[in-house]
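Step one of this worksheet: look at the structure below.
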Amino acid sequence: MNRVICILALSILFISCTTSVSESSLKNLNGYWEVQKVVFPDGTEKILPPSETHDYYEYKDQKGFRKKVTPLVTGNYLVNDLKDEFVVVQKEGVFCMNYKTFLSKWSEQIKSIDTDQLVLESEEHYQYYYKRPQAFSVK
């Protein structure tokens, strides 16, 4: 019994120490992101096909916004004036993006982030895995 408790405690400690979010890593949020898969609260996964839209983030000094953009074959993006503004808040080592629009408020926890991968978790415990989109080439 003690062995099981010890293994469980070490597993929890290992998992809690592997989060890769720091104040300095938040600069990686800037730019274009494409959602790859969703992990549901029950642990099942859904791999998503390439999307017609990407998320574009701009972040600086704990504030930023997200826009939905459409990639074009020219390598440019089709954009509009709609954006979701957010504030990044850190509480007990956890970073969250708190959104507020004229329609609603919500929060997403930044589970991990680096130059090539982003993982966000919604308030409903859906995890969204993002990657940097591949540049389109006619060649």
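As shown in the structure tokens, the chain order sets the letters A, B, ...; within each chain, residues go from 1, and ligands are also counted from 1 in the order they appear.
Running DSSP on the backbone gives helix (DSSP H, G or I) for these residues within chain A: Asn2, Arg3, Val4, Ile5, Cys6, Ile7, Leu8, Ala9, Leu10, Ser11, Ile12, Leu13, Phe14, Ile15, Ser16, Cys17, Ser24, Ser25, Leu26, Lys27, Asn28 and Leu29 of chain A.
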Please produce a file of the residues just selected, as a PDB file, in the first residue's frame, where the atoms kept are C-alpha atoms.
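Saved result, part-v7.pdb, follows:
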```pdb
ATOM      1  CA  ASN A   2       2.792   2.401   0.924  1.00  0.00           C
ATOM      2  CA  ARG A   3       4.534   1.583  -2.340  1.00  0.00           C
ATOM      3  CA  VAL A   4       1.425   2.524  -4.348  1.00  0.00           C
ATOM      4  CA  ILE A   5       1.068   5.813  -2.493  1.00  0.00           C
ATOM      5  CA  CYS A   6       4.755   6.595  -3.042  1.00  0.00           C
ATOM      6  CA  ILE A   7       4.520   5.864  -6.777  1.00  0.00           C
ATOM      7  CA  LEU A   8       1.347   7.952  -7.051  1.00  0.00           C
ATOM      8  CA  ALA A   9       2.957  10.869  -5.205  1.00  0.00           C
ATOM      9  CA  LEU A  10       6.060  10.741  -7.404  1.00  0.00           C
ATOM     10  CA  SER A  11       3.896  10.597 -10.541  1.00  0.00           C
ATOM     11  CA  ILE A  12       1.941  13.672  -9.479  1.00  0.00           C
ATOM     12  CA  LEU A  13       5.180  15.494  -8.640  1.00  0.00           C
ATOM     13  CA  PHE A  14       6.683  14.571 -12.020  1.00  0.00           C
ATOM     14  CA  ILE A  15       3.604  15.694 -13.946  1.00  0.00           C
ATOM     15  CA  SER A  16       3.338  18.968 -12.049  1.00  0.00           C
ATOM     16  CA  CYS A  17       7.012  19.753 -12.739  1.00  0.00           C
ATOM     17  CA  SER A  24       9.551  34.485 -20.793  1.00  0.00           C
ATOM     18  CA  SER A  25       7.923  31.696 -22.843  1.00  0.00           C
ATOM     19  CA  LEU A  26       4.760  33.755 -23.356  1.00  0.00           C
ATOM     20  CA  LYS A  27       6.482  35.699 -26.156  1.00  0.00           C
ATOM     21  CA  ASN A  28       6.075  32.518 -28.231  1.00  0.00           C
ATOM     22  CA  LEU A  29       2.332  33.147 -28.278  1.00  0.00           C
TER      23      LEU A  29
END
```
Taking the DSSP assignment computed from this structure's backbone, write out as number ranges by chain all residues of chain A that belong to strand (DSSP E or B). A: 20, 31-39, 45-47, 54-60, 63-71, 77-78, 84-91, 94-100, 105-113, 117-122, 127-131
For the atom pair atom CA of Pro41 of chain A and atom CA of Phe95 of chain A, what is the interatomic distance in Å to one decimal place? 19.6 Å
Of the candidates A:Glu34, A:Glu23, A:Asp81, A:Glu52, which one gets nearest to Val119 of chain A if we count only C-alpha atoms? A:Glu34
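Taking atom CA of Lys37 of chain A and atom CA of Asp61 of chain A as endpoints, the distance between them is 28.9 Å.
Excluding Val94 of chain A itself and same-chain residues fewer than 2 positions from it, the residues having an atom within 10 Å of it are Thr19, Val21, Ser22, Val89, Gln90, Lys91, Glu92, Cys96, Gln109, Ile110 and Lys111 of chain A, counting only C-alpha atoms.
Near Lys63 of chain A, within 8 Å and counting only C-alpha atoms, sit Glu85, Phe86, Val87 and Val88 of chain A, not including residues fewer than 6 positions from it in the same chain.
For the set A:Tyr32, A:Phe40, A:Tyr99, A:Tyr77, the residue with the smallest atom-to-atom gap to Thr115 of chain A is A:Tyr32, counting only C-alpha atoms.
The spacing separating atom CA of Glu58 of chain A from atom CA of Thr74 of chain A amounts to 22.3 Å.
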Please list as an MDAnalysis selection string every residue within 9 Å of Tyr130 of chain A, counting only C-alpha atoms and excluding residues in the same chain fewer than 6 positions away. chainID A and resid 33:37 116:120
Applying 12 Å and only C-alpha atoms, which residues near Asp42 of chain A remain after dropping the ones on its own chain fewer than 5 positions away? List them as an MDAnalysis selection string. chainID A and resid 124:127
Using only C-alpha atoms, determine which residues lie at most 12 Å from Gln134 of chain A, disregarding the query and same-chain residues fewer than 2 positions distant; provide the list as a list of chain:residue names. A:Tyr32, A:Trp33, A:Glu34, A:Pro50, A:Ser51, A:His54, A:Pro71, A:Val73, A:Gly75, A:Asp116, A:Lys131, A:Arg132, A:Phe136, A:Ser137
Would you put the residues from that selection into a file with N, CA and C atoms, as a PDB file, in the first residue's frame?
```pdb
ATOM      1  N   TYR A  32       0.987  33.011 -35.817  1.00  0.00           N
ATOM      2  CA  TYR A  32      -0.097  32.179 -36.339  1.00  0.00           C
ATOM      3  C   TYR A  32      -0.040  30.778 -35.741  1.00  0.00           C
ATOM      4  N   TRP A  33      -1.229  30.229 -35.421  1.00  0.00           N
ATOM      5  CA  TRP A  33      -1.347  28.895 -34.845  1.00  0.00           C
ATOM      6  C   TRP A  33      -2.501  28.158 -35.517  1.00  0.00           C
ATOM      7  N   GLU A  34      -2.299  26.851 -35.725  1.00  0.00           N
ATOM      8  CA  GLU A  34      -3.332  25.996 -36.315  1.00  0.00           C
ATOM      9  C   GLU A  34      -3.646  24.873 -35.329  1.00  0.00           C
ATOM     10  N   PRO A  50      -6.821  19.632 -41.573  1.00  0.00           N
ATOM     11  CA  PRO A  50      -6.326  21.012 -41.751  1.00  0.00           C
ATOM     12  C   PRO A  50      -7.495  21.991 -41.789  1.00  0.00           C
ATOM     13  N   SER A  51      -7.334  23.078 -41.082  1.00  0.00           N
ATOM     14  CA  SER A  51      -8.422  24.045 -40.928  1.00  0.00           C
ATOM     15  C   SER A  51      -8.359  25.135 -41.989  1.00  0.00           C
ATOM     16  N   HIS A  54      -6.901  29.969 -39.199  1.00  0.00           N
ATOM     17  CA  HIS A  54      -5.868  29.868 -38.181  1.00  0.00           C
ATOM     18  C   HIS A  54      -6.138  30.937 -37.141  1.00  0.00           C
ATOM     19  N   PRO A  71      -5.827  31.603 -44.404  1.00  0.00           N
ATOM     20  CA  PRO A  71      -4.647  31.617 -45.275  1.00  0.00           C
ATOM     21  C   PRO A  71      -5.060  31.606 -46.750  1.00  0.00           C
ATOM     22  N   VAL A  73      -3.627  31.281 -50.958  1.00  0.00           N
ATOM     23  CA  VAL A  73      -2.590  30.583 -51.724  1.00  0.00           C
ATOM     24  C   VAL A  73      -1.380  31.467 -52.012  1.00  0.00           C
ATOM     25  N   GLY A  75       0.163  33.100 -49.833  1.00  0.00           N
ATOM     26  CA  GLY A  75       0.997  33.158 -48.634  1.00  0.00           C
ATOM     27  C   GLY A  75       0.545  34.239 -47.671  1.00  0.00           C
ATOM     28  N   ASP A 116       7.070  26.046 -31.284  1.00  0.00           N
ATOM     29  CA  ASP A 116       6.335  25.253 -32.276  1.00  0.00           C
ATOM     30  C   ASP A 116       5.035  24.637 -31.795  1.00  0.00           C
ATOM     31  N   LYS A 131      -0.210  23.889 -33.493  1.00  0.00           N
ATOM     32  CA  LYS A 131       1.130  23.893 -34.086  1.00  0.00           C
ATOM     33  C   LYS A 131       1.225  25.121 -34.989  1.00  0.00           C
ATOM     34  N   ARG A 132       2.440  25.454 -35.340  1.00  0.00           N
ATOM     35  CA  ARG A 132       2.631  26.540 -36.307  1.00  0.00           C
ATOM     36  C   ARG A 132       2.203  26.024 -37.681  1.00  0.00           C
ATOM     37  N   PHE A 136       2.442  27.956 -47.208  1.00  0.00           N
ATOM     38  CA  PHE A 136       1.907  27.417 -48.449  1.00  0.00           C
ATOM     39  C   PHE A 136       2.901  27.660 -49.572  1.00  0.00           C
ATOM     40  N   SER A 137       3.090  26.654 -50.412  1.00  0.00           N
ATOM     41  CA  SER A 137       4.002  26.785 -51.548  1.00  0.00           C
ATOM     42  C   SER A 137       3.343  26.226 -52.802  1.00  0.00           C
TER      43      SER A 137
END
```
Pick from A:Pro133, A:Val38, A:Ser112, A:Asn98: nearest to Tyr56 of chain A, with only C-alpha atoms counted? A:Pro133
